[in-house]
Amino acid sequence: KQEVTQIPAALSVPEGENLVLNCSFTDSAIYNLQWFRQDPGKGLTSLLLIQSSQREQTSGRLNASLDKSSGRSTLYIAASQPGDSATYLCAVRQNSGGYQKVTFGTGTKLQVIP
Amino acid sequence: DAGVTQSPTHLIKTRGQHVTLRCSPISGHKSVSWYQQVLGQGPQFIFQYYEKEERGRGNFPDRFSARQFPNYSSELNVNALLLGDSALYLCASSLAGTDLYEQYFGPGTRLTVT
C-alpha cells in the first residue's frame, strides 16, 4: 500500500526566505508526482507535474525535483511571499490492480510572515 | 474558459440518507476524478472515469458509486450516509485518462452529515 508523507506538517518563515518542502513515498513504481496548493476551505491548485522519467520541473519561483528510486520529491520556493501562505500537497499516481490510483500526502501548512 | 464546476457548494444531510454530487469538467477534458477530503487530511482518491468508463478506484465501500455522462460531466452518489462521510468532496478533470496530464480541481462540495 502506497504511503505518502510530507514533512514538516507546518512551517512558518519570514518573507523573502527560500524554503524546501519534502514529500516521500513508499512505493517507487509511480507514473508521476504532482504538487498542489490549497487555500483554506478551497479546492486544489496545480503547481507542478513531474513524470516518472523526469528529474525536475520549474515554474517561476517554484522548482520541484523527483528522485523516484529513493521515493522522494522536494518543492523549492524561492523568495517566499505572504501570498504563498497555504497548504501544500503532493500526490503520486500509479497502477494498482489494473486501475489507476492517486495517493495524496497530508500536506505542509506554510505561513509566510510579512 | 470556465474551470471545473461542482454543485451544490454546501449540503447538509441526515444519517441514512442518499446524496448526489455533480461535477462539470473543463471544456475538452474527458476524464473526471473524485476525492474525499476530511478536515485536516489530504484528499483520498475515490474514483476516476474516462470516456464514461471507470479507470481508477480507491478504497471506499460500495455505498460510493459514480458515473460519467456523454458530455463528460459526472455524478458521485453516496448511499446510507454515515457521520464519517462528512467531508469536502473534490472533483478534478484532465484531458485524458492517462498519467500524462495534470489534474485541475473544482472548488468542492462541503457535505455535512448530522
# chains A, B, ... in the order shown; residues from 1 in each chain; ligands from 1
$ residues_around --residues "range 50-64 of chain B" --least-positions-apart "2" --cutoff "7 Å" --atoms "only C-alpha atoms" --output "ChimeraX atom specification"
/A:99-101 /B:30-32,45-48,67-70,77-80,96-97
$ residues_around --residues "range 17-24 of chain A" --least-positions-apart "4" --cutoff "7 Å" --atoms "only C-alpha atoms" --output "list of chain:residue names"
A:Val4, A:Thr5, A:Gln6, A:Ile7, A:Val13, A:Gly71, A:Arg72, A:Ser73, A:Thr74, A:Leu75, A:Tyr76, A:Ile77, A:Ala78, A:Ala79, A:Ser80, A:Cys90
$ interface_residues --of "chain A" --to "chain B" --cutoff "12 Å" --atoms "only C-alpha atoms" --output "PyMOL selection string"
chain A and resi 1-6+9-10+30-54+87-109
$ write_last_selection --atoms "C-alpha atoms" --output "compact mmCIF listing (two decimals), in the first residue's frame"
# COMPACT_ATOMS: atom_id res chain seq x y z
CA LYS A 1 0.00 0.00 0.00
CA GLN A 2 1.38 3.38 -1.02
CA GLU A 3 2.01 5.82 1.80
CA VAL A 4 2.89 9.45 1.17
CA THR A 5 4.42 11.54 3.95
CA GLN A 6 5.06 15.26 3.99
CA ALA A 9 3.48 19.34 8.82
CA ALA A 10 3.67 23.09 9.38
CA ILE A 30 4.73 5.63 -9.85
CA TYR A 31 3.62 7.24 -13.08
CA ASN A 32 4.03 10.80 -11.90
CA LEU A 33 4.02 13.16 -8.92
CA GLN A 34 2.06 16.40 -8.74
CA TRP A 35 2.36 19.31 -6.32
CA PHE A 36 -0.70 21.37 -5.35
CA ARG A 37 -1.53 24.27 -3.09
CA GLN A 38 -4.78 24.56 -1.19
CA ASP A 39 -6.12 27.71 0.39
CA PRO A 40 -8.41 27.28 3.43
CA GLY A 41 -11.78 25.79 2.50
CA LYS A 42 -10.93 25.83 -1.20
CA GLY A 43 -10.11 23.34 -3.92
CA LEU A 44 -6.60 22.48 -5.08
CA THR A 45 -4.48 24.47 -7.49
CA SER A 46 -1.95 22.54 -9.55
CA LEU A 47 1.61 23.82 -9.25
CA LEU A 48 3.87 21.32 -10.98
CA LEU A 49 3.60 17.86 -12.54
CA ILE A 50 6.70 15.64 -12.78
CA GLN A 51 6.56 12.49 -14.88
CA SER A 52 8.42 9.43 -13.57
CA SER A 53 11.07 9.84 -16.28
CA GLN A 54 11.80 13.45 -15.28
CA THR A 87 -1.23 24.17 2.50
CA TYR A 88 1.00 22.37 0.00
CA LEU A 89 0.12 18.83 -1.02
CA CYS A 90 1.95 16.25 -3.09
CA ALA A 91 0.22 13.36 -4.86
CA VAL A 92 1.55 10.27 -6.65
CA ARG A 93 -0.25 8.38 -9.43
CA GLN A 94 0.35 4.67 -10.00
CA ASN A 95 -1.17 1.47 -11.31
CA SER A 96 -2.97 -0.58 -8.69
CA GLY A 97 -4.59 -3.88 -9.69
CA GLY A 98 -5.20 -2.73 -13.25
CA TYR A 99 -6.64 0.59 -12.14
CA GLN A 100 -5.00 3.95 -11.76
CA LYS A 101 -4.80 5.24 -8.23
CA VAL A 102 -3.77 8.59 -6.76
CA THR A 103 -2.40 8.94 -3.22
CA PHE A 104 -2.04 12.31 -1.51
CA GLY A 105 0.17 13.29 1.37
CA THR A 106 -1.31 15.06 4.40
CA GLY A 107 0.23 18.37 3.42
CA THR A 108 2.56 21.05 4.76
CA LYS A 109 0.86 24.18 6.07
$ atom_distance --atom1 "CA of Asp67 in chain A" --atom2 "CA of Thr26 in chain A"
12.1 Å
$ residues_around --residues "Ser7 in chain B" --least-positions-apart "3" --cutoff "9 Å" --atoms "only C-alpha atoms" --output "JSON, numbers by chain"
{"B": [10, 21, 22, 23, 24, 108, 109]}
$ write_last_selection --atoms "N, CA and C atoms" --output "CSV table (one decimal), in the first residue's frame"
chain,number,residue,atom,x,y,z
B,10,HIS,N,-22.6,23.6,-0.8
B,10,HIS,CA,-22.7,23.0,0.6
B,10,HIS,C,-24.0,22.2,0.6
B,21,LEU,N,-23.8,14.3,-5.8
B,21,LEU,CA,-22.9,15.4,-6.1
B,21,LEU,C,-22.6,15.5,-7.6
B,22,ARG,N,-22.5,16.7,-8.1
B,22,ARG,CA,-22.3,16.8,-9.5
B,22,ARG,C,-21.0,17.6,-9.9
B,23,CYS,N,-20.5,17.3,-11.0
B,23,CYS,CA,-19.2,17.9,-11.5
B,23,CYS,C,-19.2,18.1,-13.0
B,24,SER,N,-18.8,19.3,-13.4
B,24,SER,CA,-18.7,19.5,-14.8
B,24,SER,C,-17.2,19.8,-15.1
B,108,GLY,N,-15.1,22.2,-4.8
B,108,GLY,CA,-15.5,21.2,-3.9
B,108,GLY,C,-17.0,21.4,-3.4
B,109,THR,N,-17.5,20.3,-2.9
B,109,THR,CA,-18.8,20.4,-2.2
B,109,THR,C,-18.6,20.0,-0.8
$ select_by_dssp --residues "chain B" --states "strand (DSSP E or B)" --output "PyMOL selection string"
chain B and resi 5-7+10-13+19-24+31-37+44-50+53-57+64-68+74-78+87-94+104-105+109-113
$ residues_around --residues "Val113 in chain B" --least-positions-apart "2" --cutoff "12 Å" --atoms "only C-alpha atoms" --output "list in words"
His10, Leu11, Ile12, Lys13, Thr14, Arg15, Gly16, Gln17, His18, Val19, Val78, Asn79, Ala80, Leu81, Leu82, Leu83, Gly84, Asp85, Ser86, Ala87, Leu88, Arg110 and Leu111 of chain B
$ write_last_selection --atoms "C-alpha atoms" --output "tab-separated table (two decimals), in the first residue's frame"
chain	number	residue	atom	x	y	z
B	10	HIS	CA	-22.74	23.04	0.57
B	11	LEU	CA	-25.08	20.26	1.62
B	12	ILE	CA	-26.49	19.05	4.93
B	13	LYS	CA	-27.92	15.53	5.14
B	14	THR	CA	-29.10	13.16	7.84
B	15	ARG	CA	-27.58	9.75	8.58
B	16	GLY	CA	-29.03	7.05	6.34
B	17	GLN	CA	-29.96	9.42	3.53
B	18	HIS	CA	-28.62	9.40	0.00
B	19	VAL	CA	-26.70	12.22	-1.70
B	78	VAL	CA	-23.31	8.06	-1.68
B	79	ASN	CA	-25.95	5.81	-0.09
B	80	ALA	CA	-26.77	5.20	3.56
B	81	LEU	CA	-24.81	8.22	4.75
B	82	LEU	CA	-22.70	7.94	7.89
B	83	LEU	CA	-21.40	10.72	10.13
B	84	GLY	CA	-17.91	9.87	8.89
B	85	ASP	CA	-18.91	10.80	5.33
B	86	SER	CA	-18.84	14.46	6.35
B	87	ALA	CA	-16.07	15.96	4.23
B	88	LEU	CA	-15.15	18.20	1.33
B	110	ARG	CA	-18.91	20.55	1.56
B	111	LEU	CA	-21.09	17.69	2.86
